[in-house]
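Trainee: The structure follows.
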Amino acid sequence: MLKRLTHVNQWVTDQDEALAFYTEKLGLELRMDSTVPEMGNFRWLSVGPSGQPDVAVTLLKVPGPPVFDPDTAAAVNDIVAKGAAGGLFFATDDIESTHEELKGKGVDIVQEPTQQPYGVDMAVRDPFGNQIRIAQIGAQ
Amino acid sequence: MTPVPPARHLLRAKDLIECRYYEHLDVPALAGAARLSPAHFSREFRRAFGETPHQYLLTRRLERAAALLRHTDHSVADICFSVGLKSVGSFTTSFGRAYGRSPTAYRAAFPPAASHARVPSCIVRAYARPRFSTFGEDRAAAGA
């Protein structure tokens, strides 16, 4: 049966911008950046947290034909832009310094660090509208 | 560069409401976040999210107020002001429309979580006890 989670996908609308945001702003590692000419220049772009080499986030561009028809592609892009698609959850061991660092880098903060029953969490958005939640579990 | 979908800008206004609901937020401020003229903004926001920015802001404030009513003992007026609303009278009216009862009746209908979870009182007393250092008495005791 299923053993491990290896990848999750985050739809993006611009992979260069996604690469810059996820590595330079969020500090994730680049895992793979590979463009495949025989597949219509499909670009497999993945990043991940340094502490988890076996888990990666793929930053795939919403495809057009022949994968998605134009209406479907436009609808997915619109859903992402409305903040209604997916989302990622990360853990940090210092939510205050993470918050300061992301704020200093001009990242869109959606929720300032807030006490929750399970710790302190906050939320940011990527340039495309995806929500990224960050928690320090157990923090008070 | 792929052009940014218009909804991405509208989402900035929605996020501004999420993040700063307790501040004074008017249509020009929200429209600015969405990079739209105030005239177009409200219509476009409604088209994207199915409700007007005013409705979204008010319900966000009411939801936060309801949480404060459930989880704190702050007065209704304090809660009203702390979620960014200016008039206790209209807060009570809006709250009644949203939740079907007054803020005070709502609070009374949701007793503290401990009475739902049936946590033994010894646990409540142990876990809810403030840390000794809060009062600086441990330092005084250590020095004594």
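Note on naming: chains are A, B, ... as they come in the structure tokens, residues start from 1 per chain, ligands start from 1 in the order shown.
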Could you give me, as a tab-separated table, a per-residue list for chain A showing, wherever an atom lies at most 8 Å from an atom of chain B, the closest pair of atoms and their distance in Å to one decimal, using only C-alpha atoms and sorting by chain then residue number from low to high?
Mentor:
residue	atom	partner	partner_atom	distance
A:Thr13	CA	B:Thr2	CA	6.5
A:Asp14	CA	B:Thr2	CA	6.0
A:Asn77	CA	B:Pro5	CA	7.4
A:Asp78	CA	B:Ala7	CA	6.5
A:Ala81	CA	B:Arg8	CA	4.3
A:Lys82	CA	B:Ala7	CA	5.5
A:Gly83	CA	B:Leu11	CA	6.8
A:Ile109	CA	B:Cys19	CA	7.8
A:Val110	CA	B:Asp15	CA	5.6
A:Gln111	CA	B:Cys19	CA	5.3
A:Glu112	CA	B:Cys19	CA	7.1
A:Phe128	CA	B:Arg8	CA	6.7
A:Gly129	CA	B:Arg8	CA	6.1
Trainee: Name the residues in contact with A:Asp54 at a cut-off of 9 Å, using only C-alpha atoms, excluding same-chain residues fewer than 5 positions from it; report them as a list in words.
Mentor: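 So, after excluding close chain neighbours, the residues are Arg4, Leu5, Thr6, His7 and Gly48 of chain A.
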Trainee: Can you tell me, as a PDB file with all heavy atoms, in the first residue's frame, what residues are no more than 12 Å from B:Leu57 when counting only C-alpha atoms, ignoring any on the same chain fewer than 2 positions away?
Mentor:
ATOM      1  N   ALA B  13      -7.606  42.762  -2.012  1.00  0.00           N
ATOM      2  CA  ALA B  13      -8.595  43.509  -1.209  1.00  0.00           C
ATOM      3  C   ALA B  13      -9.254  42.587  -0.189  1.00  0.00           C
ATOM      4  O   ALA B  13      -9.471  42.962   0.964  1.00  0.00           O
ATOM      5  CB  ALA B  13      -9.648  44.127  -2.123  1.00  0.00           C
ATOM      6  N   LYS B  14      -9.552  41.347  -0.618  1.00  0.00           N
ATOM      7  CA  LYS B  14     -10.169  40.383   0.300  1.00  0.00           C
ATOM      8  C   LYS B  14      -9.189  40.060   1.428  1.00  0.00           C
ATOM      9  O   LYS B  14      -9.574  39.976   2.598  1.00  0.00           O
ATOM     10  CB  LYS B  14     -10.530  39.123  -0.490  1.00  0.00           C
ATOM     11  CG  LYS B  14     -11.441  38.173   0.253  1.00  0.00           C
ATOM     12  CD  LYS B  14     -12.005  37.119  -0.700  1.00  0.00           C
ATOM     13  CE  LYS B  14     -12.911  36.154   0.026  1.00  0.00           C
ATOM     14  NZ  LYS B  14     -12.471  34.762  -0.100  1.00  0.00           N
ATOM     15  N   ASP B  15      -7.912  39.885   1.075  1.00  0.00           N
ATOM     16  CA  ASP B  15      -6.898  39.615   2.089  1.00  0.00           C
ATOM     17  C   ASP B  15      -6.746  40.788   3.049  1.00  0.00           C
ATOM     18  O   ASP B  15      -6.484  40.601   4.239  1.00  0.00           O
ATOM     19  CB  ASP B  15      -5.548  39.321   1.425  1.00  0.00           C
ATOM     20  CG  ASP B  15      -5.500  37.916   0.829  1.00  0.00           C
ATOM     21  OD1 ASP B  15      -6.365  37.091   1.173  1.00  0.00           O
ATOM     22  OD2 ASP B  15      -4.592  37.654   0.022  1.00  0.00           O
ATOM     23  N   LEU B  16      -6.874  41.995   2.522  1.00  0.00           N
ATOM     24  CA  LEU B  16      -6.775  43.176   3.381  1.00  0.00           C
ATOM     25  C   LEU B  16      -7.891  43.143   4.424  1.00  0.00           C
ATOM     26  O   LEU B  16      -7.669  43.449   5.606  1.00  0.00           O
ATOM     27  CB  LEU B  16      -6.862  44.446   2.524  1.00  0.00           C
ATOM     28  CG  LEU B  16      -6.698  45.782   3.249  1.00  0.00           C
ATOM     29  CD1 LEU B  16      -5.336  45.897   3.918  1.00  0.00           C
ATOM     30  CD2 LEU B  16      -6.910  46.951   2.290  1.00  0.00           C
ATOM     31  N   ILE B  17      -9.079  42.747   4.007  1.00  0.00           N
ATOM     32  CA  ILE B  17     -10.190  42.612   4.952  1.00  0.00           C
ATOM     33  C   ILE B  17      -9.874  41.521   5.977  1.00  0.00           C
ATOM     34  O   ILE B  17     -10.081  41.701   7.178  1.00  0.00           O
ATOM     35  CB  ILE B  17     -11.505  42.302   4.200  1.00  0.00           C
ATOM     36  CG1 ILE B  17     -11.927  43.499   3.357  1.00  0.00           C
ATOM     37  CG2 ILE B  17     -12.610  41.914   5.191  1.00  0.00           C
ATOM     38  CD1 ILE B  17     -13.130  43.254   2.462  1.00  0.00           C
ATOM     39  N   GLU B  18      -9.358  40.391   5.494  1.00  0.00           N
ATOM     40  CA  GLU B  18      -9.022  39.282   6.389  1.00  0.00           C
ATOM     41  C   GLU B  18      -8.054  39.729   7.472  1.00  0.00           C
ATOM     42  O   GLU B  18      -8.167  39.368   8.639  1.00  0.00           O
ATOM     43  CB  GLU B  18      -8.349  38.157   5.597  1.00  0.00           C
ATOM     44  CG  GLU B  18      -9.291  37.260   4.851  1.00  0.00           C
ATOM     45  CD  GLU B  18     -10.141  36.427   5.796  1.00  0.00           C
ATOM     46  OE1 GLU B  18      -9.648  35.962   6.838  1.00  0.00           O
ATOM     47  OE2 GLU B  18     -11.309  36.275   5.477  1.00  0.00           O
ATOM     48  N   CYS B  19      -7.052  40.482   7.033  1.00  0.00           N
ATOM     49  CA  CYS B  19      -5.917  40.807   7.890  1.00  0.00           C
ATOM     50  C   CYS B  19      -6.172  42.040   8.752  1.00  0.00           C
ATOM     51  O   CYS B  19      -5.693  42.123   9.870  1.00  0.00           O
ATOM     52  CB  CYS B  19      -4.693  41.013   7.000  1.00  0.00           C
ATOM     53  SG  CYS B  19      -3.136  40.725   7.819  1.00  0.00           S
ATOM     54  N   ARG B  20      -6.928  42.992   8.231  1.00  0.00           N
ATOM     55  CA  ARG B  20      -7.056  44.298   8.898  1.00  0.00           C
ATOM     56  C   ARG B  20      -8.508  44.662   9.143  1.00  0.00           C
ATOM     57  O   ARG B  20      -8.866  45.846   9.107  1.00  0.00           O
ATOM     58  CB  ARG B  20      -6.419  45.394   8.037  1.00  0.00           C
ATOM     59  CG  ARG B  20      -4.989  45.152   7.673  1.00  0.00           C
ATOM     60  CD  ARG B  20      -4.069  45.702   8.738  1.00  0.00           C
ATOM     61  NE  ARG B  20      -2.703  45.260   8.490  1.00  0.00           N
ATOM     62  CZ  ARG B  20      -1.834  45.008   9.450  1.00  0.00           C
ATOM     63  NH1 ARG B  20      -2.157  45.152  10.712  1.00  0.00           N
ATOM     64  NH2 ARG B  20      -0.615  44.601   9.154  1.00  0.00           N
ATOM     65  N   TYR B  21      -9.368  43.666   9.392  1.00  0.00           N
ATOM     66  CA  TYR B  21     -10.799  43.917   9.559  1.00  0.00           C
ATOM     67  C   TYR B  21     -11.057  44.867  10.722  1.00  0.00           C
ATOM     68  O   TYR B  21     -12.079  45.548  10.766  1.00  0.00           O
ATOM     69  CB  TYR B  21     -11.535  42.586   9.806  1.00  0.00           C
ATOM     70  CG  TYR B  21     -11.056  41.874  11.046  1.00  0.00           C
ATOM     71  CD1 TYR B  21     -11.624  42.147  12.283  1.00  0.00           C
ATOM     72  CD2 TYR B  21      -9.977  40.993  10.992  1.00  0.00           C
ATOM     73  CE1 TYR B  21     -11.151  41.537  13.434  1.00  0.00           C
ATOM     74  CE2 TYR B  21      -9.502  40.383  12.133  1.00  0.00           C
ATOM     75  CZ  TYR B  21     -10.085  40.660  13.346  1.00  0.00           C
ATOM     76  OH  TYR B  21      -9.590  40.071  14.483  1.00  0.00           O
ATOM     77  N   TYR B  22     -10.132  44.924  11.681  1.00  0.00           N
ATOM     78  CA  TYR B  22     -10.363  45.730  12.879  1.00  0.00           C
ATOM     79  C   TYR B  22      -9.996  47.193  12.662  1.00  0.00           C
ATOM     80  O   TYR B  22     -10.192  48.020  13.540  1.00  0.00           O
ATOM     81  CB  TYR B  22      -9.564  45.161  14.068  1.00  0.00           C
ATOM     82  CG  TYR B  22      -8.130  44.856  13.727  1.00  0.00           C
ATOM     83  CD1 TYR B  22      -7.166  45.852  13.741  1.00  0.00           C
ATOM     84  CD2 TYR B  22      -7.747  43.555  13.359  1.00  0.00           C
ATOM     85  CE1 TYR B  22      -5.853  45.572  13.404  1.00  0.00           C
ATOM     86  CE2 TYR B  22      -6.432  43.276  13.024  1.00  0.00           C
ATOM     87  CZ  TYR B  22      -5.486  44.285  13.050  1.00  0.00           C
ATOM     88  OH  TYR B  22      -4.202  43.996  12.695  1.00  0.00           O
ATOM     89  N   GLU B  23      -9.454  47.498  11.493  1.00  0.00           N
ATOM     90  CA  GLU B  23      -9.121  48.893  11.203  1.00  0.00           C
ATOM     91  C   GLU B  23     -10.255  49.537  10.407  1.00  0.00           C
ATOM     92  O   GLU B  23     -11.166  48.863   9.944  1.00  0.00           O
ATOM     93  CB  GLU B  23      -7.822  48.963  10.396  1.00  0.00           C
ATOM     94  CG  GLU B  23      -6.624  48.519  11.206  1.00  0.00           C
ATOM     95  CD  GLU B  23      -5.324  48.587  10.418  1.00  0.00           C
ATOM     96  OE1 GLU B  23      -5.355  49.015   9.248  1.00  0.00           O
ATOM     97  OE2 GLU B  23      -4.302  48.200  10.983  1.00  0.00           O
ATOM     98  N   HIS B  24     -10.147  50.859  10.226  1.00  0.00           N
ATOM     99  CA  HIS B  24     -11.114  51.555   9.389  1.00  0.00           C
ATOM    100  C   HIS B  24     -10.810  51.224   7.929  1.00  0.00           C
ATOM    101  O   HIS B  24      -9.769  51.597   7.412  1.00  0.00           O
ATOM    102  CB  HIS B  24     -11.040  53.065   9.627  1.00  0.00           C
ATOM    103  CG  HIS B  24     -11.904  53.840   8.694  1.00  0.00           C
ATOM    104  ND1 HIS B  24     -13.285  53.843   8.785  1.00  0.00           N
ATOM    105  CD2 HIS B  24     -11.598  54.598   7.607  1.00  0.00           C
ATOM    106  CE1 HIS B  24     -13.785  54.589   7.818  1.00  0.00           C
ATOM    107  NE2 HIS B  24     -12.792  55.056   7.091  1.00  0.00           N
ATOM    108  N   LEU B  25     -11.676  50.483   7.292  1.00  0.00           N
ATOM    109  CA  LEU B  25     -11.468  50.115   5.890  1.00  0.00           C
ATOM    110  C   LEU B  25     -12.645  50.638   5.081  1.00  0.00           C
ATOM    111  O   LEU B  25     -13.786  50.223   5.305  1.00  0.00           O
ATOM    112  CB  LEU B  25     -11.382  48.598   5.725  1.00  0.00           C
ATOM    113  CG  LEU B  25     -10.144  47.888   6.284  1.00  0.00           C
ATOM    114  CD1 LEU B  25     -10.278  46.386   6.093  1.00  0.00           C
ATOM    115  CD2 LEU B  25      -8.880  48.389   5.597  1.00  0.00           C
ATOM    116  N   ASP B  26     -12.375  51.554   4.154  1.00  0.00           N
ATOM    117  CA  ASP B  26     -13.463  52.040   3.309  1.00  0.00           C
ATOM    118  C   ASP B  26     -13.233  51.597   1.864  1.00  0.00           C
ATOM    119  O   ASP B  26     -12.199  50.998   1.541  1.00  0.00           O
ATOM    120  CB  ASP B  26     -13.608  53.561   3.420  1.00  0.00           C
ATOM    121  CG  ASP B  26     -12.292  54.273   3.163  1.00  0.00           C
ATOM    122  OD1 ASP B  26     -11.367  53.643   2.603  1.00  0.00           O
ATOM    123  OD2 ASP B  26     -12.180  55.448   3.530  1.00  0.00           O
ATOM    124  N   VAL B  27     -14.200  51.886   1.034  1.00  0.00           N
ATOM    125  CA  VAL B  27     -14.120  51.432  -0.358  1.00  0.00           C
ATOM    126  C   VAL B  27     -12.865  51.961  -1.072  1.00  0.00           C
ATOM    127  O   VAL B  27     -12.181  51.188  -1.741  1.00  0.00           O
ATOM    128  CB  VAL B  27     -15.416  51.779  -1.133  1.00  0.00           C
ATOM    129  CG1 VAL B  27     -15.221  51.606  -2.635  1.00  0.00           C
ATOM    130  CG2 VAL B  27     -16.560  50.888  -0.662  1.00  0.00           C
ATOM    131  N   LEU B  30      -9.910  49.789  -0.022  1.00  0.00           N
ATOM    132  CA  LEU B  30      -9.995  48.430  -0.562  1.00  0.00           C
ATOM    133  C   LEU B  30      -9.791  48.442  -2.077  1.00  0.00           C
ATOM    134  O   LEU B  30      -9.104  47.580  -2.637  1.00  0.00           O
ATOM    135  CB  LEU B  30     -11.351  47.812  -0.220  1.00  0.00           C
ATOM    136  CG  LEU B  30     -11.600  47.566   1.275  1.00  0.00           C
ATOM    137  CD1 LEU B  30     -13.054  47.186   1.522  1.00  0.00           C
ATOM    138  CD2 LEU B  30     -10.670  46.476   1.798  1.00  0.00           C
ATOM    139  N   PHE B  45     -15.621  43.037  -7.280  1.00  0.00           N
ATOM    140  CA  PHE B  45     -15.442  42.189  -6.095  1.00  0.00           C
ATOM    141  C   PHE B  45     -16.626  41.230  -5.969  1.00  0.00           C
ATOM    142  O   PHE B  45     -16.456  40.028  -5.762  1.00  0.00           O
ATOM    143  CB  PHE B  45     -15.346  43.075  -4.843  1.00  0.00           C
ATOM    144  CG  PHE B  45     -14.988  42.318  -3.581  1.00  0.00           C
ATOM    145  CD1 PHE B  45     -13.681  42.295  -3.117  1.00  0.00           C
ATOM    146  CD2 PHE B  45     -15.961  41.649  -2.848  1.00  0.00           C
ATOM    147  CE1 PHE B  45     -13.350  41.611  -1.941  1.00  0.00           C
ATOM    148  CE2 PHE B  45     -15.645  40.958  -1.678  1.00  0.00           C
ATOM    149  CZ  PHE B  45     -14.329  40.947  -1.232  1.00  0.00           C
ATOM    150  N   GLU B  51     -20.226  38.312  -3.162  1.00  0.00           N
ATOM    151  CA  GLU B  51     -20.806  39.234  -2.187  1.00  0.00           C
ATOM    152  C   GLU B  51     -20.045  40.551  -2.264  1.00  0.00           C
ATOM    153  O   GLU B  51     -18.931  40.589  -2.765  1.00  0.00           O
ATOM    154  CB  GLU B  51     -20.762  38.658  -0.761  1.00  0.00           C
ATOM    155  CG  GLU B  51     -19.376  38.275  -0.295  1.00  0.00           C
ATOM    156  CD  GLU B  51     -19.394  37.454   0.987  1.00  0.00           C
ATOM    157  OE1 GLU B  51     -20.311  37.643   1.799  1.00  0.00           O
ATOM    158  OE2 GLU B  51     -18.484  36.631   1.173  1.00  0.00           O
ATOM    159  N   THR B  52     -20.671  41.602  -1.758  1.00  0.00           N
ATOM    160  CA  THR B  52     -20.025  42.908  -1.854  1.00  0.00           C
ATOM    161  C   THR B  52     -18.901  42.989  -0.823  1.00  0.00           C
ATOM    162  O   THR B  52     -18.924  42.269   0.185  1.00  0.00           O
ATOM    163  CB  THR B  52     -21.019  44.048  -1.579  1.00  0.00           C
ATOM    164  OG1 THR B  52     -21.455  43.945  -0.215  1.00  0.00           O
ATOM    165  CG2 THR B  52     -22.230  43.975  -2.497  1.00  0.00           C
ATOM    166  N   PRO B  53     -17.927  43.869  -1.055  1.00  0.00           N
ATOM    167  CA  PRO B  53     -16.869  44.032  -0.056  1.00  0.00           C
ATOM    168  C   PRO B  53     -17.433  44.432   1.302  1.00  0.00           C
ATOM    169  O   PRO B  53     -16.929  43.999   2.338  1.00  0.00           O
ATOM    170  CB  PRO B  53     -15.973  45.131  -0.636  1.00  0.00           C
ATOM    171  CG  PRO B  53     -16.657  45.661  -1.835  1.00  0.00           C
ATOM    172  CD  PRO B  53     -17.691  44.674  -2.259  1.00  0.00           C
ATOM    173  N   HIS B  54     -18.495  45.222   1.298  1.00  0.00           N
ATOM    174  CA  HIS B  54     -19.099  45.612   2.566  1.00  0.00           C
ATOM    175  C   HIS B  54     -19.644  44.392   3.307  1.00  0.00           C
ATOM    176  O   HIS B  54     -19.437  44.236   4.515  1.00  0.00           O
ATOM    177  CB  HIS B  54     -20.214  46.633   2.334  1.00  0.00           C
ATOM    178  CG  HIS B  54     -21.015  46.917   3.567  1.00  0.00           C
ATOM    179  ND1 HIS B  54     -20.529  47.680   4.600  1.00  0.00           N
ATOM    180  CD2 HIS B  54     -22.244  46.486   3.960  1.00  0.00           C
ATOM    181  CE1 HIS B  54     -21.432  47.728   5.570  1.00  0.00           C
ATOM    182  NE2 HIS B  54     -22.475  47.005   5.200  1.00  0.00           N
ATOM    183  N   GLN B  55     -20.338  43.521   2.588  1.00  0.00           N
ATOM    184  CA  GLN B  55     -20.882  42.310   3.221  1.00  0.00           C
ATOM    185  C   GLN B  55     -19.756  41.438   3.757  1.00  0.00           C
ATOM    186  O   GLN B  55     -19.851  40.872   4.842  1.00  0.00           O
ATOM    187  CB  GLN B  55     -21.698  41.500   2.199  1.00  0.00           C
ATOM    188  CG  GLN B  55     -23.028  42.134   1.841  1.00  0.00           C
ATOM    189  CD  GLN B  55     -23.666  41.465   0.621  1.00  0.00           C
ATOM    190  OE1 GLN B  55     -22.980  40.934  -0.246  1.00  0.00           O
ATOM    191  NE2 GLN B  55     -24.987  41.507   0.560  1.00  0.00           N
ATOM    192  N   THR B  59     -19.315  40.647   7.740  1.00  0.00           N
ATOM    193  CA  THR B  59     -19.442  39.282   8.250  1.00  0.00           C
ATOM    194  C   THR B  59     -18.129  38.784   8.840  1.00  0.00           C
ATOM    195  O   THR B  59     -18.128  37.993   9.782  1.00  0.00           O
ATOM    196  CB  THR B  59     -19.946  38.314   7.156  1.00  0.00           C
ATOM    197  OG1 THR B  59     -19.151  38.499   5.978  1.00  0.00           O
ATOM    198  CG2 THR B  59     -21.403  38.570   6.843  1.00  0.00           C
ATOM    199  N   ARG B  60     -17.009  39.237   8.269  1.00  0.00           N
ATOM    200  CA  ARG B  60     -15.723  38.899   8.890  1.00  0.00           C
ATOM    201  C   ARG B  60     -15.672  39.474  10.309  1.00  0.00           C
ATOM    202  O   ARG B  60     -15.279  38.808  11.252  1.00  0.00           O
ATOM    203  CB  ARG B  60     -14.571  39.452   8.027  1.00  0.00           C
ATOM    204  CG  ARG B  60     -13.216  39.621   8.690  1.00  0.00           C
ATOM    205  CD  ARG B  60     -12.636  38.361   9.320  1.00  0.00           C
ATOM    206  NE  ARG B  60     -12.449  37.291   8.381  1.00  0.00           N
ATOM    207  CZ  ARG B  60     -13.047  36.102   8.464  1.00  0.00           C
ATOM    208  NH1 ARG B  60     -13.861  35.836   9.464  1.00  0.00           N
ATOM    209  NH2 ARG B  60     -12.829  35.179   7.574  1.00  0.00           N
ATOM    210  N   ARG B  61     -16.100  40.726  10.455  1.00  0.00           N
ATOM    211  CA  ARG B  61     -16.103  41.351  11.782  1.00  0.00           C
ATOM    212  C   ARG B  61     -17.052  40.633  12.733  1.00  0.00           C
ATOM    213  O   ARG B  61     -16.721  40.414  13.901  1.00  0.00           O
ATOM    214  CB  ARG B  61     -16.503  42.822  11.646  1.00  0.00           C
ATOM    215  CG  ARG B  61     -15.392  43.676  11.058  1.00  0.00           C
ATOM    216  CD  ARG B  61     -15.852  45.066  10.705  1.00  0.00           C
ATOM    217  NE  ARG B  61     -14.702  45.941  10.450  1.00  0.00           N
ATOM    218  CZ  ARG B  61     -14.789  47.137   9.893  1.00  0.00           C
ATOM    219  NH1 ARG B  61     -15.970  47.615   9.524  1.00  0.00           N
ATOM    220  NH2 ARG B  61     -13.701  47.856   9.713  1.00  0.00           N
ATOM    221  N   LEU B  62     -18.212  40.247  12.236  1.00  0.00           N
ATOM    222  CA  LEU B  62     -19.186  39.573  13.100  1.00  0.00           C
ATOM    223  C   LEU B  62     -18.667  38.201  13.524  1.00  0.00           C
ATOM    224  O   LEU B  62     -18.859  37.783  14.670  1.00  0.00           O
ATOM    225  CB  LEU B  62     -20.537  39.442  12.385  1.00  0.00           C
ATOM    226  CG  LEU B  62     -21.276  40.768  12.140  1.00  0.00           C
ATOM    227  CD1 LEU B  62     -22.541  40.522  11.327  1.00  0.00           C
ATOM    228  CD2 LEU B  62     -21.617  41.459  13.460  1.00  0.00           C
ATOM    229  N   GLU B  63     -18.008  37.519  12.608  1.00  0.00           N
ATOM    230  CA  GLU B  63     -17.459  36.195  12.960  1.00  0.00           C
ATOM    231  C   GLU B  63     -16.417  36.343  14.059  1.00  0.00           C
ATOM    232  O   GLU B  63     -16.386  35.566  15.018  1.00  0.00           O
ATOM    233  CB  GLU B  63     -16.854  35.534  11.723  1.00  0.00           C
ATOM    234  CG  GLU B  63     -16.278  34.148  11.953  1.00  0.00           C
ATOM    235  CD  GLU B  63     -14.859  34.150  12.490  1.00  0.00           C
ATOM    236  OE1 GLU B  63     -14.098  35.098  12.205  1.00  0.00           O
ATOM    237  OE2 GLU B  63     -14.503  33.214  13.219  1.00  0.00           O
ATOM    238  N   ARG B  64     -15.554  37.343  13.929  1.00  0.00           N
ATOM    239  CA  ARG B  64     -14.525  37.575  14.961  1.00  0.00           C
ATOM    240  C   ARG B  64     -15.197  37.957  16.284  1.00  0.00           C
ATOM    241  O   ARG B  64     -14.763  37.554  17.358  1.00  0.00           O
ATOM    242  CB  ARG B  64     -13.553  38.656  14.507  1.00  0.00           C
ATOM    243  CG  ARG B  64     -12.577  38.229  13.420  1.00  0.00           C
ATOM    244  CD  ARG B  64     -11.532  37.235  13.910  1.00  0.00           C
ATOM    245  NE  ARG B  64     -12.025  35.877  13.971  1.00  0.00           N
ATOM    246  CZ  ARG B  64     -11.521  34.907  14.732  1.00  0.00           C
ATOM    247  NH1 ARG B  64     -10.510  35.145  15.531  1.00  0.00           N
ATOM    248  NH2 ARG B  64     -12.024  33.700  14.718  1.00  0.00           N
ATOM    249  N   VAL B  83     -13.412  44.777  16.892  1.00  0.00           N
ATOM    250  CA  VAL B  83     -13.466  44.189  15.550  1.00  0.00           C
ATOM    251  C   VAL B  83     -13.670  45.262  14.475  1.00  0.00           C
ATOM    252  O   VAL B  83     -13.890  44.937  13.307  1.00  0.00           O
ATOM    253  CB  VAL B  83     -14.570  43.102  15.421  1.00  0.00           C
ATOM    254  CG1 VAL B  83     -14.308  41.951  16.394  1.00  0.00           C
ATOM    255  CG2 VAL B  83     -15.959  43.690  15.627  1.00  0.00           C
ATOM    256  N   GLY B  84     -13.557  46.529  14.878  1.00  0.00           N
ATOM    257  CA  GLY B  84     -13.561  47.596  13.872  1.00  0.00           C
ATOM    258  C   GLY B  84     -14.918  48.245  13.648  1.00  0.00           C
ATOM    259  O   GLY B  84     -15.051  49.083  12.762  1.00  0.00           O
ATOM    260  N   LEU B  85     -15.934  47.856  14.440  1.00  0.00           N
ATOM    261  CA  LEU B  85     -17.245  48.479  14.278  1.00  0.00           C
ATOM    262  C   LEU B  85     -17.347  49.685  15.201  1.00  0.00           C
ATOM    263  O   LEU B  85     -16.754  49.714  16.273  1.00  0.00           O
ATOM    264  CB  LEU B  85     -18.355  47.461  14.563  1.00  0.00           C
ATOM    265  CG  LEU B  85     -18.425  46.332  13.520  1.00  0.00           C
ATOM    266  CD1 LEU B  85     -19.316  45.195  14.012  1.00  0.00           C
ATOM    267  CD2 LEU B  85     -18.926  46.858  12.185  1.00  0.00           C
TER     268      LEU B  85
END
Trainee: Select, from A:Met122, A:Met1, A:Ala18, A:Val76, the residue with the minimum atom-to-atom distance to A:Glu96, counting only C-alpha atoms.
Mentor: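 Checking each candidate against A:Glu96, we get A:Met122 as the closest.
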Trainee: Just asking: which residues within chain A are alpha helix (DSSP H) according to DSSP, as a list in words?
Mentor: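 DSSP on the backbone gives alpha helix (DSSP H) at Gln15, Asp16, Glu17, Ala18, Leu19, Ala20, Pro70, Asp71, Thr72, Ala73, Ala74, Ala75, Val76, Asn77, Asp78, Ile79, Val80, Ala81, Ile95, Glu96, Ser97, Thr98, His99, Glu100, Glu101, Leu102, Lys103 and Gly104 of chain A.
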Trainee: What gap, in Å, lies between atom CA of A:Phe89 and atom CA of A:Asn130?
Mentor: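 Here the two named atoms are 11.2 Å from each other.
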Trainee: Identify, with DSSP run on backbone atoms, the residues in chain A assigned to strand (DSSP E), and express the list as an MDAnalysis selection string.
Mentor: chainID A and resid 7:12 29:36 42:48 56:61 88:91 108:116 119:125 131:137
